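Input: a single structure, listed below in structure tokens.
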Amino acid sequence: MVDENNDTDQSPRQPRQLIEVDDELMEDLEELIRSRSDFLILNILQDLYPADIAHIMNRLDTEEAEYVFRLISTEVASEVILDLDDVHREHFLQTMPQPRLTELVGEMDSDDAADIVGELPEERAEQVLGTMDVEDSSEVQELLRYDENTAGGIMAKEVAVVKAKDTVKQAIRVVRKMAREHKNIHNVYVVDENGVLVGTLPLQDLLIHAPNRRMHKVMDPEVITVTADIDQEQVAQLFRKYDIVSLPVTDKTRKLLGRITVDDIVDVLEEEHEEDVARMVGSDADELARRSPARIAMMRLPWVMMTLAIEFLAGVVVHFFDQTLSRVILLASFMPIISAISGNTGLQSAALVVRGLATGHVDPHRWWGPIWRQLQTTIIIGTICGVFIGAVGGLWYGTVLFGAAVGVSMFLAINISGAIGTATPLISKRLGFDPAITVGPFETAFQDVLGISIFLSIATMLLHWL
């Protein structure tokens, strides 16, 4: 352990560099790897952020990346492995010698260590936990008991904790000791004799109080907390709503269990967004890496068949207006344009609402607000697109009425599509379904039916003058 009173000067660390990983850099590194120029490779990597090193390794094949990974220090490697893609990380976790893996996990904060151990096969995970420091192993095992999508699943055990009767000077000593090994210390948490959370104090406030003052005199007793079983999306909403950077996690009796920091929430938001986008197409975020083609096909097939059934209605509509199409064949050229543009507008609206529901920006009980805002937006988009395609249609066919029919159809289709795209996820949420799953197939398919119906109906009414 380092003596906390030791102020011996050390050489300042060289500042890390932000780089662009371009093709030229990758070619140079690949050549150095082939020539086994370890010193030159390390000379390039030593001043880079771990995230940039991970990005470089993701662009290498697994054998080249493994060679580079063996060169970097354990401290850096413990950060790099967290930013590797699934293929590279899985390869390293399977092939890395067990002692090296234990060292890497031991360097990580408890939440990251739990994530890595959770990806290991059961036997290998037990080996790592069995050879880790007893306290670290106990913390990781505790975190592994929580569902990965809950507050307990994303919290870390490293918390700066003091007793209510402790002084500010004692609290500063706790922070100094903890800061040597852990980053992202934003608050000191104050507990009573039973470990119950009674207050908190940001680090900047800790520095302005007299050293001999008691923590219960300077702490803020109004603490926002979550229990370990709360869904991670709800946790993300609290961070956004109250503009916080760190949040304590407690049990039902308010005993302090750990803390969640804003960097964890950034990961949650990215993960939830990827899942929402994947579900909108009836897919799964991890399917390519984790499932066989047959399994992927079976997951997607129900949604494809559902869409196919609705699209048959579009075929019925086209057949119903076959006489109109036979007399003005140019109408067929504009049908896919109207369907594509209006469908894209609807999916944009749907994506915004799904994201808003996930982050708490959209309240399903106040549905009229999002619909009215989207209607204002689609009126502008519909007007511009309608005027443009109407002008093209009029010039192409040689009559203003044809252009008017095309332009009005585009305008109506875009606005109806926007309304459907906004309303579908809201209705799904109110009915208890996952909006991200239901919105994609239904919005696209119904919009095709409505867009074609509107276009051909207007064209039929104007047929006498076309």
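By convention here, the chains of the structure tokens are called A, B, ... in the order presented, each chain's residues are numbered starting at 1, and ligands are numbered starting at 1 in the order presented.
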Non-local contacts of A:Ile154 (8 Å; only C-alpha atoms; under 5 positions in same chain excluded) as number ranges by chain = A: 111, 148-149, 232, 260, 264
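Secondary structure from DSSP on the backbone puts alpha helix (DSSP H) at the following positions of stretch 152-186 of chain A: Gly152, Gly153, Ile154, Val168, Lys169, Gln170, Ala171, Ile172, Arg173, Val174, Val175, Arg176, Lys177, Met178 and Ala179 of chain A.
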inquiry  = I'd like the contact shell of stretch 33-44 of chain A - 10 Å cut-off, only C-alpha atoms, skipping same-chain residues fewer than 3 positions apart - returned as a ChimeraX atom specification.
reply    = /A:25,27-30,47-48,53,64-65,67-68,71-72
If you keep N, CA and C atoms, can you produce a file of those selected residues as a short mmCIF file (atom, residue, chain, number, x, y, z; two decimals), in the first residue's frame?
```
data_model
loop_
_atom_site.label_atom_id
_atom_site.label_comp_id
_atom_site.auth_asym_id
_atom_site.auth_seq_id
_atom_site.Cartn_x
_atom_site.Cartn_y
_atom_site.Cartn_z
N LEU A 25 -2.54 4.13 -40.98
CA LEU A 25 -2.09 3.66 -39.67
C LEU A 25 -2.22 2.15 -39.55
N GLU A 27 -2.20 -0.08 -41.93
CA GLU A 27 -1.18 -0.74 -42.77
C GLU A 27 0.17 -0.74 -42.07
N ASP A 28 0.52 0.38 -41.44
CA ASP A 28 1.80 0.46 -40.72
C ASP A 28 1.84 -0.54 -39.57
N LEU A 29 0.75 -0.62 -38.81
CA LEU A 29 0.70 -1.54 -37.67
C LEU A 29 0.76 -2.99 -38.13
N GLU A 30 0.04 -3.31 -39.18
CA GLU A 30 0.05 -4.68 -39.68
C GLU A 30 1.45 -5.08 -40.14
N ASP A 47 0.75 6.07 -26.02
CA ASP A 47 0.15 7.38 -25.76
C ASP A 47 -1.31 7.45 -26.20
N LEU A 48 -1.90 6.29 -26.54
CA LEU A 48 -3.29 6.27 -27.00
C LEU A 48 -4.24 5.89 -25.87
N ILE A 53 -7.11 2.06 -28.73
CA ILE A 53 -6.39 0.79 -28.92
C ILE A 53 -7.38 -0.32 -29.25
N GLU A 64 -3.72 -11.29 -35.14
CA GLU A 64 -2.95 -10.04 -35.03
C GLU A 64 -3.33 -9.29 -33.76
N ALA A 65 -4.63 -9.24 -33.48
CA ALA A 65 -5.09 -8.54 -32.28
C ALA A 65 -4.57 -9.22 -31.01
N TYR A 67 -1.77 -10.82 -30.71
CA TYR A 67 -0.35 -10.49 -30.59
C TYR A 67 -0.19 -9.12 -29.94
N VAL A 68 -0.99 -8.13 -30.38
CA VAL A 68 -0.92 -6.79 -29.80
C VAL A 68 -1.38 -6.82 -28.34
N LEU A 71 1.13 -7.60 -25.76
CA LEU A 71 2.19 -6.61 -25.55
C LEU A 71 1.82 -5.55 -24.52
N ILE A 72 0.55 -5.21 -24.41
CA ILE A 72 0.15 -4.08 -23.57
C ILE A 72 0.06 -4.51 -22.11
#
```
ask   = Can you tell me, as a ChimeraX atom specification, what residues are no more than 12 Å from A:Ser333 when counting only C-alpha atoms, ignoring any on the same chain fewer than 3 positions away?
value = /A:325,328-330,336-339,389,392-393,396-397,406,452,455
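Each of A:Val196, A:Met306, A:Leu401, A:Val76 was compared to A:Lys163 using only C-alpha atoms, and A:Val196 turns out to be the nearest.
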A:Ala413 environment, 9 Å, only C-alpha atoms, sequence neighbours closer than 2 positions dropped, as a ChimeraX atom specification = /A:338-339,341-343,382,408-411,415-418,447,450-452,454-455
Could you write those residues out with C-alpha atoms, as a PDB file, in the first residue's frame?
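Contents of part.pdb, as written:
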```pdb
ATOM      1  CA  ILE A 338     -45.362   7.524 -52.717  1.00  0.00           C
ATOM      2  CA  SER A 339     -45.195   4.302 -50.690  1.00  0.00           C
ATOM      3  CA  ILE A 341     -41.401   8.279 -49.054  1.00  0.00           C
ATOM      4  CA  SER A 342     -44.469   8.110 -46.850  1.00  0.00           C
ATOM      5  CA  GLY A 343     -43.318   4.843 -45.296  1.00  0.00           C
ATOM      6  CA  GLY A 382     -45.586  16.587 -47.036  1.00  0.00           C
ATOM      7  CA  VAL A 408     -52.043  15.712 -53.101  1.00  0.00           C
ATOM      8  CA  SER A 409     -51.630  11.943 -52.735  1.00  0.00           C
ATOM      9  CA  MET A 410     -48.071  12.372 -51.535  1.00  0.00           C
ATOM     10  CA  PHE A 411     -49.120  15.071 -49.058  1.00  0.00           C
ATOM     11  CA  ASN A 415     -49.279  12.944 -43.010  1.00  0.00           C
ATOM     12  CA  ILE A 416     -51.271   9.779 -42.461  1.00  0.00           C
ATOM     13  CA  SER A 417     -48.063   7.777 -42.258  1.00  0.00           C
ATOM     14  CA  GLY A 418     -46.650  10.182 -39.675  1.00  0.00           C
ATOM     15  CA  GLN A 447     -48.926   2.661 -44.948  1.00  0.00           C
ATOM     16  CA  LEU A 450     -53.336   3.452 -47.336  1.00  0.00           C
ATOM     17  CA  GLY A 451     -50.887   5.259 -49.614  1.00  0.00           C
ATOM     18  CA  ILE A 452     -51.875   3.257 -52.694  1.00  0.00           C
ATOM     19  CA  ILE A 454     -55.427   7.317 -51.500  1.00  0.00           C
ATOM     20  CA  PHE A 455     -53.423   7.777 -54.696  1.00  0.00           C
TER      21      PHE A 455
END
```
task = Enumerate as number ranges by chain all residues of stretch 18-231 of chain A assigned to strand (DSSP E or B) by DSSP on the backbone, naming them with the chain letters and numbers the document uses.
result = A: 48, 150, 156, 161-163, 167, 187-191, 196-202, 214, 220, 226-227, 231
What lies within 10 Å of A:Glu158 using only C-alpha atoms, ignoring chain neighbours under 5 positions off, as a compact mmCIF listing (two decimals) with C-alpha atoms, in the first residue's frame?
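Here's the written file out_36.txt:
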```
# COMPACT_ATOMS: atom_id res chain seq x y z
CA ASP A 109 -14.09 -1.98 -11.14
CA SER A 110 -16.53 -4.49 -9.71
CA ASP A 111 -19.31 -3.79 -12.25
CA GLU A 139 -18.17 -8.35 -4.64
CA MET A 178 -10.09 5.15 -2.74
CA GLU A 181 -7.37 2.64 -7.43
CA HIS A 182 -10.75 3.84 -8.68
CA LYS A 183 -12.04 6.55 -10.99
CA ASN A 184 -15.36 8.37 -11.13
CA ILE A 185 -15.69 9.25 -7.44
CA LEU A 257 -25.29 -1.53 -1.77
CA GLY A 258 -23.33 0.37 -4.42
CA ARG A 259 -23.51 3.21 -6.92
CA ILE A 260 -24.23 3.82 -10.58
```
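Here the question is which of A:Glu63, A:Asp166, A:Glu193, A:Glu233 gets nearest to A:Lys217 using only C-alpha atoms, and that residue is A:Asp166.
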query = Residues at most 8 Å from stretch 203-216 of chain A, counting only C-alpha atoms, excluding those fewer than 4 positions away in the same chain, as JSON, numbers by chain?
reply = {"A": [163, 164, 165, 166, 167, 168, 169, 172, 185, 186, 187, 188, 190, 199]}
Export N, CA and C atoms of the chosen residues as a PDB file, in the first residue's frame?
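Printed below is result11.pdb as written:
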```pdb
ATOM      1  N   LYS A 163     -19.190   7.399   8.126  1.00  0.00           N
ATOM      2  CA  LYS A 163     -20.248   7.408   9.138  1.00  0.00           C
ATOM      3  C   LYS A 163     -20.709   8.846   9.369  1.00  0.00           C
ATOM      4  N   ALA A 164     -21.924   8.973   9.854  1.00  0.00           N
ATOM      5  CA  ALA A 164     -22.500  10.301  10.071  1.00  0.00           C
ATOM      6  C   ALA A 164     -21.701  11.096  11.101  1.00  0.00           C
ATOM      7  N   LYS A 165     -21.080  10.415  12.073  1.00  0.00           N
ATOM      8  CA  LYS A 165     -20.331  11.108  13.116  1.00  0.00           C
ATOM      9  C   LYS A 165     -18.886  11.402  12.709  1.00  0.00           C
ATOM     10  N   ASP A 166     -18.444  10.902  11.551  1.00  0.00           N
ATOM     11  CA  ASP A 166     -17.085  11.169  11.089  1.00  0.00           C
ATOM     12  C   ASP A 166     -16.916  12.640  10.733  1.00  0.00           C
ATOM     13  N   THR A 167     -15.673  13.082  10.736  1.00  0.00           N
ATOM     14  CA  THR A 167     -15.380  14.465  10.382  1.00  0.00           C
ATOM     15  C   THR A 167     -15.085  14.600   8.891  1.00  0.00           C
ATOM     16  N   VAL A 168     -15.084  15.831   8.435  1.00  0.00           N
ATOM     17  CA  VAL A 168     -14.728  16.111   7.037  1.00  0.00           C
ATOM     18  C   VAL A 168     -13.318  15.630   6.747  1.00  0.00           C
ATOM     19  N   LYS A 169     -12.409  15.798   7.697  1.00  0.00           N
ATOM     20  CA  LYS A 169     -11.032  15.345   7.507  1.00  0.00           C
ATOM     21  C   LYS A 169     -10.973  13.842   7.300  1.00  0.00           C
ATOM     22  N   ILE A 172     -12.203  13.040   3.765  1.00  0.00           N
ATOM     23  CA  ILE A 172     -11.186  13.330   2.748  1.00  0.00           C
ATOM     24  C   ILE A 172     -10.163  12.203   2.701  1.00  0.00           C
ATOM     25  N   ILE A 185     -15.175   9.020  -8.791  1.00  0.00           N
ATOM     26  CA  ILE A 185     -15.688   9.248  -7.439  1.00  0.00           C
ATOM     27  C   ILE A 185     -16.318  10.641  -7.435  1.00  0.00           C
ATOM     28  N   HIS A 186     -17.616  10.696  -7.353  1.00  0.00           N
ATOM     29  CA  HIS A 186     -18.313  11.981  -7.437  1.00  0.00           C
ATOM     30  C   HIS A 186     -18.877  12.432  -6.096  1.00  0.00           C
ATOM     31  N   ASN A 187     -19.231  11.478  -5.243  1.00  0.00           N
ATOM     32  CA  ASN A 187     -19.890  11.810  -3.988  1.00  0.00           C
ATOM     33  C   ASN A 187     -19.347  10.965  -2.851  1.00  0.00           C
ATOM     34  N   VAL A 188     -19.472  11.513  -1.650  1.00  0.00           N
ATOM     35  CA  VAL A 188     -19.243  10.734  -0.438  1.00  0.00           C
ATOM     36  C   VAL A 188     -20.619  10.402   0.140  1.00  0.00           C
ATOM     37  N   VAL A 190     -23.020   9.012   3.184  1.00  0.00           N
ATOM     38  CA  VAL A 190     -23.011   9.007   4.644  1.00  0.00           C
ATOM     39  C   VAL A 190     -24.033   7.984   5.139  1.00  0.00           C
ATOM     40  N   GLY A 199     -27.413  10.356   3.962  1.00  0.00           N
ATOM     41  CA  GLY A 199     -27.073  11.603   3.293  1.00  0.00           C
ATOM     42  C   GLY A 199     -25.947  11.436   2.304  1.00  0.00           C
TER      43      GLY A 199
END
```
